[in-house]
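Below is upload_2.txt, holding compact mmCIF, C-alpha atoms.
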```
# COMPACT_ATOMS: atom_id res chain seq x y z
CA MET A 810 43.95 2.81 -15.74
CA SER A 811 42.41 6.27 -15.77
CA THR A 812 44.55 9.28 -14.91
CA THR A 813 41.64 11.72 -15.12
CA ALA A 814 41.46 13.92 -12.05
CA ILE A 815 38.11 13.61 -10.32
CA SER A 816 37.16 16.84 -8.57
CA ALA A 817 35.13 17.01 -5.39
CA SER A 818 32.63 19.27 -7.16
CA ASP A 819 32.02 16.62 -9.84
CA VAL A 820 31.52 13.97 -7.17
CA ASN A 821 29.08 16.22 -5.34
CA LYS A 822 27.22 17.06 -8.56
CA LEU A 823 26.79 13.36 -9.35
CA ARG A 824 25.68 12.68 -5.78
CA GLN A 825 23.08 15.47 -5.96
CA GLN A 826 21.64 14.11 -9.21
CA THR A 827 21.61 10.41 -8.37
CA GLY A 828 21.44 10.28 -4.58
CA ALA A 829 24.21 7.68 -4.55
CA GLY A 830 26.91 7.72 -1.87
CA MET A 831 30.05 9.82 -2.21
CA MET A 832 32.37 6.84 -2.64
CA ASP A 833 30.06 5.20 -5.20
CA CYS A 834 29.98 8.46 -7.16
CA LYS A 835 33.75 8.81 -7.06
CA LYS A 836 34.24 5.20 -8.20
CA ALA A 837 31.74 5.67 -11.04
CA LEU A 838 33.45 8.86 -12.24
CA THR A 839 36.85 7.19 -12.04
CA GLU A 840 35.61 4.19 -14.02
CA ALA A 841 34.05 6.55 -16.58
CA ASN A 842 37.27 8.59 -16.92
CA GLY A 843 35.43 11.67 -15.71
CA ASP A 844 32.55 11.31 -18.18
CA PHE A 845 29.54 12.48 -16.15
CA GLU A 846 26.82 10.81 -18.25
CA ALA A 847 28.76 7.55 -18.40
CA ALA A 848 29.09 7.67 -14.61
CA VAL A 849 25.32 8.06 -14.29
CA ASP A 850 24.90 4.95 -16.47
CA ILE A 851 27.40 3.02 -14.34
CA LEU A 852 25.43 3.84 -11.19
CA ARG A 853 22.17 2.89 -12.91
CA LYS A 854 23.63 -0.45 -13.99
CA LYS A 855 24.70 -1.00 -10.40
CA GLY A 856 21.08 -0.49 -9.39
CA GLN A 857 19.91 -2.93 -12.07
CA LYS A 858 22.42 -5.52 -10.84
CA ILE A 859 21.24 -5.10 -7.26
CA ALA A 860 17.63 -5.34 -8.47
CA ALA A 861 18.38 -8.63 -10.22
CA ASN A 862 20.24 -10.02 -7.21
CA ARG A 863 17.47 -9.01 -4.80
CA GLN A 864 14.47 -10.41 -6.66
CA ASP A 865 14.18 -13.36 -4.28
CA ARG A 866 14.73 -11.31 -1.14
CA GLU A 867 11.79 -10.61 1.15
CA ALA A 868 10.90 -6.95 1.51
CA LYS A 869 8.62 -6.90 4.55
CA GLU A 870 9.45 -3.41 5.75
CA GLY A 871 8.43 -0.15 4.16
CA TYR A 872 6.20 2.87 4.38
CA VAL A 873 2.48 3.15 3.63
CA PHE A 874 1.23 6.54 2.49
CA GLY A 875 -2.40 7.70 2.27
CA LYS A 876 -3.62 11.08 1.03
CA LEU A 877 -6.92 12.83 0.30
CA SER A 878 -7.65 15.34 -2.47
CA ALA A 879 -8.62 18.90 -1.57
CA ASP A 880 -12.25 18.33 -2.58
CA GLY A 881 -12.46 15.14 -0.49
CA LYS A 882 -13.60 13.01 -3.44
CA PHE A 883 -10.40 11.12 -4.27
CA GLY A 884 -8.03 9.26 -2.02
CA ALA A 885 -4.96 7.17 -2.73
CA ILE A 886 -2.67 4.86 -0.78
CA VAL A 887 0.81 3.85 -1.92
CA ALA A 888 2.94 1.19 -0.22
CA VAL A 889 6.68 1.27 -0.93
CA CYS A 890 8.59 -1.69 0.46
CA CYS A 891 12.20 -2.24 1.49
CA GLU A 892 14.09 -4.92 3.40
CA THR A 893 14.97 -3.23 6.70
CA ASP A 894 13.26 -0.95 9.17
CA PHE A 895 16.39 1.22 9.13
CA VAL A 896 15.63 2.17 5.52
CA ALA A 897 11.85 2.40 6.12
CA ILE A 898 12.24 5.22 8.63
CA ASN A 899 14.95 7.04 6.67
CA ALA A 900 13.85 10.58 5.79
CA ASP A 901 15.01 10.28 2.16
CA PHE A 902 13.10 7.02 1.68
CA VAL A 903 9.97 8.57 3.18
CA LYS A 904 10.33 11.63 0.93
CA TYR A 905 10.75 9.38 -2.10
CA GLY A 906 7.59 7.44 -1.23
CA GLU A 907 5.63 10.64 -0.73
CA SER A 908 6.75 11.87 -4.16
CA ILE A 909 5.24 8.72 -5.70
CA LEU A 910 2.01 9.30 -3.78
CA ASP A 911 1.86 12.93 -5.00
CA LEU A 912 2.30 11.63 -8.55
CA ALA A 913 -0.60 9.22 -8.03
CA MET A 914 -2.78 12.00 -6.63
CA SER A 915 -2.06 14.22 -9.64
CA ASN A 916 -2.47 11.58 -12.36
CA LYS A 917 -4.95 9.10 -10.81
CA PRO A 918 -3.53 5.97 -12.52
CA GLU A 919 -5.76 2.89 -12.67
CA ASN A 920 -3.29 0.42 -11.13
CA ALA A 921 0.26 -0.03 -9.81
CA ASP A 922 1.71 -0.81 -13.26
CA ALA A 923 0.26 2.41 -14.65
CA LEU A 924 1.71 4.28 -11.67
CA LYS A 925 5.16 2.81 -12.30
CA ALA A 926 4.97 3.93 -15.93
CA LEU A 927 4.41 7.59 -14.98
CA LYS A 928 7.28 10.05 -15.17
CA LEU A 929 8.80 11.18 -11.88
CA GLY A 930 11.12 13.93 -13.03
CA ASN A 931 12.80 12.75 -16.21
CA GLN A 932 12.45 9.03 -15.42
CA THR A 933 9.58 6.64 -14.98
CA VAL A 934 8.76 5.52 -11.45
CA ALA A 935 10.00 2.04 -12.42
CA GLU A 936 13.38 3.49 -13.45
CA THR A 937 13.65 5.48 -10.21
CA LEU A 938 13.00 2.28 -8.24
CA VAL A 939 16.06 0.71 -9.87
CA ASP A 940 18.09 3.81 -9.05
CA GLN A 941 16.90 3.65 -5.45
CA MET A 942 18.10 0.05 -5.21
CA GLY A 943 21.51 1.14 -6.46
CA LYS A 944 21.59 3.95 -3.92
CA ILE A 945 20.26 2.00 -0.92
CA GLY A 946 21.41 -1.53 -1.70
CA GLU A 947 18.05 -3.11 -0.82
CA LYS A 948 15.08 -4.39 -2.76
CA ILE A 949 12.73 -1.42 -3.24
CA ASP A 950 9.33 -1.62 -4.91
CA VAL A 951 5.85 -0.15 -5.06
CA VAL A 952 4.02 -3.22 -3.74
CA ASP A 953 0.53 -1.77 -3.57
CA TYR A 954 -1.46 1.16 -4.88
CA GLN A 955 -5.15 1.67 -4.17
CA PHE A 956 -7.52 4.54 -4.82
CA VAL A 957 -11.11 5.48 -4.08
CA LYS A 958 -13.33 7.90 -5.98
CA ALA A 959 -16.60 8.80 -4.25
CA GLU A 960 -18.85 11.65 -3.22
CA LYS A 961 -17.00 11.60 0.12
CA VAL A 962 -13.70 9.84 0.84
CA ILE A 963 -12.02 9.38 4.20
CA VAL A 964 -8.33 8.39 4.48
CA TYR A 965 -6.86 7.05 7.70
CA ASN A 966 -3.11 6.62 8.30
CA HIS A 967 -2.41 4.34 11.25
CA PRO A 968 0.45 5.44 13.55
CA GLY A 969 3.73 3.88 12.44
CA ASN A 970 2.93 4.24 8.72
CA LYS A 971 2.69 0.50 8.04
CA LEU A 972 -1.09 0.52 7.58
CA ALA A 973 -3.66 2.80 5.97
CA SER A 974 -7.31 2.54 5.00
CA MET A 975 -9.87 4.42 2.91
CA ILE A 976 -13.65 4.51 2.89
CA GLY A 977 -15.89 5.93 0.16
CA PHE A 978 -19.43 7.18 0.84
CA ASN A 979 -22.34 8.10 -1.45
CA SER A 980 -23.00 11.40 0.33
CA SER A 981 -21.58 13.86 2.82
CA PRO A 982 -24.08 14.41 5.66
CA ALA A 983 -23.36 16.24 8.90
CA GLY A 984 -20.93 14.31 11.08
CA ILE A 985 -19.45 12.34 8.19
CA ASP A 986 -15.84 13.32 8.91
CA GLU A 987 -15.85 11.86 12.43
CA ALA A 988 -18.00 8.87 11.45
CA GLY A 989 -15.89 8.19 8.38
CA LYS A 990 -12.70 8.24 10.42
CA ASN A 991 -14.25 5.82 12.93
CA ILE A 992 -15.18 3.40 10.13
CA ALA A 993 -11.78 3.76 8.47
CA MET A 994 -10.14 2.99 11.82
CA GLN A 995 -12.41 -0.06 12.16
CA THR A 996 -11.30 -1.19 8.71
CA ALA A 997 -7.66 -0.80 9.68
CA ALA A 998 -8.09 -2.67 12.97
CA MET A 999 -10.50 -5.45 11.98
CA ALA A 1000 -9.32 -6.17 8.41
CA PRO A 1001 -12.68 -6.91 6.75
CA VAL A 1002 -12.43 -8.71 3.40
CA ALA A 1003 -15.52 -7.03 1.91
CA ILE A 1004 -18.10 -4.33 2.63
CA ASP A 1005 -21.09 -6.70 2.84
CA LYS A 1006 -21.99 -10.38 2.35
CA ASP A 1007 -22.76 -9.97 -1.35
CA ASP A 1008 -19.31 -8.46 -1.94
CA VAL A 1009 -17.41 -11.56 -0.82
CA ASP A 1010 -15.95 -13.36 -3.85
CA ALA A 1011 -17.20 -16.84 -4.73
CA ASN A 1012 -13.83 -18.52 -4.13
CA THR A 1013 -13.69 -17.22 -0.56
CA ILE A 1014 -17.24 -18.41 0.14
CA GLU A 1015 -16.49 -21.85 -1.29
CA ARG A 1016 -13.32 -22.12 0.77
CA GLU A 1017 -15.09 -21.12 4.00
CA ILE A 1018 -17.85 -23.68 3.39
CA GLU A 1019 -15.29 -26.43 2.81
CA ILE A 1020 -13.41 -25.43 5.97
CA GLY A 1021 -16.69 -25.52 7.89
CA LYS A 1022 -17.50 -28.99 6.57
CA ASP A 1023 -14.04 -30.32 7.47
CA GLN A 1024 -14.28 -28.90 10.98
CA ALA A 1025 -17.72 -30.42 11.48
CA ARG A 1026 -16.50 -33.85 10.32
CA GLN A 1027 -13.48 -33.65 12.62
CA GLU A 1028 -15.86 -32.89 15.49
CA GLY A 1029 -17.78 -36.08 14.63
CA LYS A 1030 -21.00 -34.38 13.57
CA PRO A 1031 -23.58 -36.47 11.62
CA GLU A 1032 -23.13 -36.24 7.84
CA ALA A 1033 -26.74 -35.08 7.45
CA MET A 1034 -25.89 -32.01 9.56
CA ILE A 1035 -22.61 -31.13 7.85
CA GLU A 1036 -24.04 -28.72 5.25
CA LYS A 1037 -26.17 -26.84 7.79
CA ILE A 1038 -23.25 -26.53 10.21
CA ALA A 1039 -20.97 -25.25 7.43
CA LEU A 1040 -23.50 -22.59 6.45
CA GLY A 1041 -23.75 -21.55 10.10
CA LYS A 1042 -19.99 -21.12 10.20
CA LEU A 1043 -20.19 -19.10 6.97
CA ASN A 1044 -22.64 -16.70 8.63
CA LYS A 1045 -20.19 -16.32 11.50
CA PHE A 1046 -17.49 -15.55 8.93
CA TYR A 1047 -19.71 -12.78 7.53
CA THR A 1048 -20.14 -11.19 10.96
CA GLU A 1049 -16.41 -11.27 11.57
CA TYR A 1050 -15.03 -10.36 8.16
CA THR A 1051 -17.55 -8.16 6.32
CA LEU A 1052 -17.45 -4.53 7.40
CA LEU A 1053 -21.16 -3.73 7.70
CA ASN A 1054 -21.86 -6.91 9.66
CA GLN A 1055 -19.00 -6.52 12.13
CA SER A 1056 -19.66 -5.28 15.65
CA TYR A 1057 -18.81 -1.60 15.81
CA ILE A 1058 -15.61 -1.42 17.86
CA LYS A 1059 -16.64 1.74 19.75
CA ASP A 1060 -20.06 0.32 20.69
CA GLU A 1061 -20.38 -3.44 20.38
CA LYS A 1062 -24.13 -3.25 20.97
CA MET A 1063 -24.51 -2.19 17.33
CA THR A 1064 -23.12 -3.31 13.99
CA VAL A 1065 -21.23 -1.02 11.64
CA ARG A 1066 -24.35 -1.05 9.42
CA GLN A 1067 -26.42 0.31 12.31
CA TYR A 1068 -23.77 2.91 13.08
CA VAL A 1069 -23.77 4.11 9.45
CA GLU A 1070 -27.58 4.34 9.49
CA SER A 1071 -27.43 6.36 12.71
CA ILE A 1072 -25.46 9.04 10.87
CA ASP A 1073 -27.94 9.26 8.00
CA LYS A 1074 -30.55 6.76 6.76
CA GLY A 1075 -29.46 7.22 3.14
CA LEU A 1076 -25.71 6.97 3.83
CA LYS A 1077 -23.98 4.08 2.05
CA ILE A 1078 -20.41 2.81 1.99
CA THR A 1079 -19.45 2.54 -1.68
CA ALA A 1080 -15.78 1.59 -1.39
CA MET A 1081 -13.28 0.19 1.10
CA LYS A 1082 -9.50 -0.21 0.79
CA ARG A 1083 -6.93 -1.40 3.30
CA VAL A 1084 -3.17 -1.53 2.68
CA LYS A 1085 -0.68 -3.06 5.10
CA ILE A 1086 3.05 -3.80 5.03
CA GLY A 1087 4.59 -6.48 7.26
```
Let me see whether you can do it: turn the structure in this file into structure tokens.
Amino acid sequence: MSTTAISASDVNKLRQQTGAGMMDCKKALTEANGDFEAAVDILRKKGQKIAANRQDREAKEGYVFGKLSADGKFGAIVAVCCETDFVAINADFVKYGESILDLAMSNKPENADALKALKLGNQTVAETLVDQMGKIGEKIDVVDYQFVKAEKVIVYNHPGNKLASMIGFNSSPAGIDEAGKNIAMQTAAMAPVAIDKDDVDANTIEREIEIGKDQARQEGKPEAMIEKIALGKLNKFYTEYTLLNQSYIKDEKMTVRQYVESIDKGLKITAMKRVKIG
């Protein structure tokens, strides 16, 4: 058993570097016989153990962060998950998530894996996630990362920080900031799956047609009418779930397409992203 005296200053130093609790730091230093680097490794291994034990746990809480570059041509959203709302609203957790977002804004990685491979301080983001699990005791992960590059980008953070959206445009006409925010808010509220009909993936279209056919058969419709009915239901799907074909929520007499055209005839939506936790 170690007889090495563990000073309060050493405990505090380890706590400042790792973010772990005071008692965890003291235990790690005691186990490491006062060896500071060994204590850091012990805390990291604790995080790895927690990470392994928590793989099957659901992490439905978290914090969604969206940010826009100074020139307005690049936006990014990062979603960092945890298991409890108590952690999600913790100031340190929020600060940690924002540091990952700042890293994404600076480096513009192509996907979440590339983001996790970036260095945050002297560790990769992936390594810091393990450390956070050791510190917090919950499953922590970057569950989504999206970005938009365009001539004009609008980022909208929904109150509560569980939902954010981004819209990219091909130009920046007068009134674009207000209009862009309105369309980003529509995206957040109405959850479109694509910008327009042609952007819907083939699997989704096939699934919707099959659902339409099944519904028609269950309603007892003649077999000769099944295909036509299913295509009619598909068109309804387009009006409900593709952004440009949705009714504009601030004026349901027009579609989002018509609203965009009212801002500028040449204005086009080039990108749409929506990230939600929970």
For A:Phe895, which residue among A:Glu1049, A:Asp911, A:Glu919, A:Glu947 is the nearest when counting only C-alpha atoms?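 Of A:Glu1049, A:Asp911, A:Glu919, A:Glu947, the one nearest A:Phe895 is A:Glu947, counting only C-alpha atoms.
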Atom CA of A:Phe845 and atom CA of A:Ile949 are how many Å apart?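 Between these atoms lies a distance of 25.3 Å.
Across the structure, atom CA of A:Glu907 and atom CA of A:Thr933 are spaced 15.3 Å apart.
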Given the point (-12.1, -4.3, 12.5) in the file's coordinates, find the residues that have an atom at most 10 Å from it, counting only C-alpha atoms, and give them as number ranges by chain. A: 992-1001, 1049-1052, 1055-1058, 1065
In Å, with one decimal, what is the gap from atom CA of A:Glu960 to atom CA of A:Leu1053?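 Answer for the atom CA of A:Glu960 to atom CA of A:Leu1053 separation: 19.0 Å.
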8 Å contact set for A:Phe874, all atoms listed in the file, chain neighbours under 3 positions out, as a ChimeraX atom specification: /A:886-888,906-907,910,966,970,973
For those residues, write C-alpha atoms to a file as a PDB file, keeping the file's coordinate frame.
```pdb
ATOM      1  CA  ILE A 886      -2.670   4.860  -0.780  1.00  0.00           C
ATOM      2  CA  VAL A 887       0.810   3.850  -1.920  1.00  0.00           C
ATOM      3  CA  ALA A 888       2.940   1.190  -0.220  1.00  0.00           C
ATOM      4  CA  GLY A 906       7.590   7.440  -1.230  1.00  0.00           C
ATOM      5  CA  GLU A 907       5.630  10.640  -0.730  1.00  0.00           C
ATOM      6  CA  LEU A 910       2.010   9.300  -3.780  1.00  0.00           C
ATOM      7  CA  ASN A 966      -3.110   6.620   8.300  1.00  0.00           C
ATOM      8  CA  ASN A 970       2.930   4.240   8.720  1.00  0.00           C
ATOM      9  CA  ALA A 973      -3.660   2.800   5.970  1.00  0.00           C
TER      10      ALA A 973
END
```
In the coordinate frame of the file, compute which residues have an atom within 12 Å of (29.5, 17.5, -10.6) when using all atoms listed in the file, and state them as a PyMOL selection string. chain A and resi 815-827+831+834-835+838+843-846+848-849
Out of A:Ile1014, A:Leu1076, A:Val1002, A:Ile909, which residue has the shortest atom-to-atom distance to A:Ser980 when counting only C-alpha atoms?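 Looking only at the distances to A:Ser980, the closest residue turns out to be A:Leu1076.
Using only C-alpha atoms, the residues found no farther than 10 Å from A:Ile898, other than those of its own chain fewer than 6 positions away, are Glu870, Gly871, Tyr872, Gly969 and Asn970 of chain A.
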I'd like to know which of A:Gly1021, A:Pro982, A:Gly1075, A:Gly875 is closest to A:Val964, using only C-alpha atoms.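 With only C-alpha atoms as the atom set, the closest residue is A:Gly875.
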Could you check which of A:Ala988, A:Leu1040, A:Ile976, A:Met942 is closest to A:Phe883, using all atoms listed in the file?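 Closest candidate: A:Ile976.
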Between A:Ser974, A:Asp950, A:Val873, A:Thr1079, which one has atoms that come closest to A:Glu892, using all atoms listed in the file?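 Going through A:Ser974, A:Asp950, A:Val873, A:Thr1079 one by one, the smallest distance to A:Glu892 is for A:Asp950.
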All residues 10 Å or closer to A:Ser908, all atoms listed in the file, same chain fewer than 5 positions away omitted, as a list in words: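 Everything that qualifies: Phe902, Val903, Ala913, Met914, Leu929 and Val934 of chain A.
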Supply stretch 940-965 of chain A as a short mmCIF file (atom, residue, chain, number, x, y, z; two decimals), in the frame of the given file, with N, CA and C atoms built in where the input has gaps.
```
data_model
loop_
_atom_site.label_atom_id
_atom_site.label_comp_id
_atom_site.auth_asym_id
_atom_site.auth_seq_id
_atom_site.Cartn_x
_atom_site.Cartn_y
_atom_site.Cartn_z
N ASP A 940 17.07 2.89 -9.57
CA ASP A 940 18.09 3.81 -9.05
C ASP A 940 18.13 3.79 -7.52
N GLN A 941 16.96 3.71 -6.90
CA GLN A 941 16.90 3.65 -5.45
C GLN A 941 17.58 2.40 -4.92
N MET A 942 17.44 1.29 -5.63
CA MET A 942 18.10 0.05 -5.21
C MET A 942 19.61 0.19 -5.30
N GLY A 943 20.07 0.89 -6.35
CA GLY A 943 21.51 1.14 -6.46
C GLY A 943 22.02 2.04 -5.36
N LYS A 944 21.20 3.00 -4.97
CA LYS A 944 21.59 3.95 -3.92
C LYS A 944 21.55 3.31 -2.53
N ILE A 945 20.49 2.54 -2.26
CA ILE A 945 20.26 2.00 -0.92
C ILE A 945 20.86 0.62 -0.72
N GLY A 946 20.87 -0.18 -1.79
CA GLY A 946 21.41 -1.53 -1.70
C GLY A 946 20.41 -2.56 -1.20
N GLU A 947 19.11 -2.19 -1.23
CA GLU A 947 18.05 -3.11 -0.82
C GLU A 947 17.01 -3.21 -1.92
N LYS A 948 16.20 -4.26 -1.85
CA LYS A 948 15.08 -4.39 -2.76
C LYS A 948 14.06 -3.32 -2.42
N ILE A 949 13.69 -2.50 -3.41
CA ILE A 949 12.73 -1.42 -3.24
C ILE A 949 11.65 -1.59 -4.30
N ASP A 950 10.39 -1.48 -3.91
CA ASP A 950 9.33 -1.62 -4.91
C ASP A 950 8.04 -0.96 -4.43
N VAL A 951 7.22 -0.56 -5.37
CA VAL A 951 5.85 -0.15 -5.06
C VAL A 951 5.02 -1.43 -5.04
N VAL A 952 4.69 -1.92 -3.86
CA VAL A 952 4.02 -3.22 -3.74
C VAL A 952 2.50 -3.12 -3.72
N ASP A 953 1.98 -1.93 -3.53
CA ASP A 953 0.53 -1.77 -3.57
C ASP A 953 0.18 -0.31 -3.86
N TYR A 954 -0.89 -0.16 -4.60
CA TYR A 954 -1.46 1.16 -4.88
C TYR A 954 -2.96 0.99 -4.98
N GLN A 955 -3.69 1.73 -4.17
CA GLN A 955 -5.15 1.67 -4.17
C GLN A 955 -5.70 3.08 -4.21
N PHE A 956 -6.87 3.23 -4.81
CA PHE A 956 -7.52 4.54 -4.82
C PHE A 956 -9.02 4.38 -4.65
N VAL A 957 -9.65 5.44 -4.21
CA VAL A 957 -11.11 5.48 -4.08
C VAL A 957 -11.61 6.81 -4.63
N LYS A 958 -12.61 6.72 -5.50
CA LYS A 958 -13.33 7.90 -5.98
C LYS A 958 -14.76 7.81 -5.48
N ALA A 959 -15.24 8.83 -4.80
CA ALA A 959 -16.60 8.80 -4.25
C ALA A 959 -17.04 10.21 -3.92
N GLU A 960 -18.31 10.34 -3.59
CA GLU A 960 -18.85 11.65 -3.22
C GLU A 960 -18.14 12.18 -1.97
N LYS A 961 -17.77 11.25 -1.07
CA LYS A 961 -17.00 11.60 0.12
C LYS A 961 -16.01 10.48 0.41
N VAL A 962 -14.75 10.83 0.56
CA VAL A 962 -13.70 9.84 0.84
C VAL A 962 -13.02 10.21 2.15
N ILE A 963 -12.76 9.21 2.96
CA ILE A 963 -12.02 9.38 4.20
C ILE A 963 -10.76 8.52 4.12
N VAL A 964 -9.61 9.11 4.46
CA VAL A 964 -8.33 8.39 4.48
C VAL A 964 -7.81 8.37 5.91
N TYR A 965 -7.41 7.20 6.35
CA TYR A 965 -6.86 7.05 7.70
C TYR A 965 -5.47 6.43 7.63
#
```
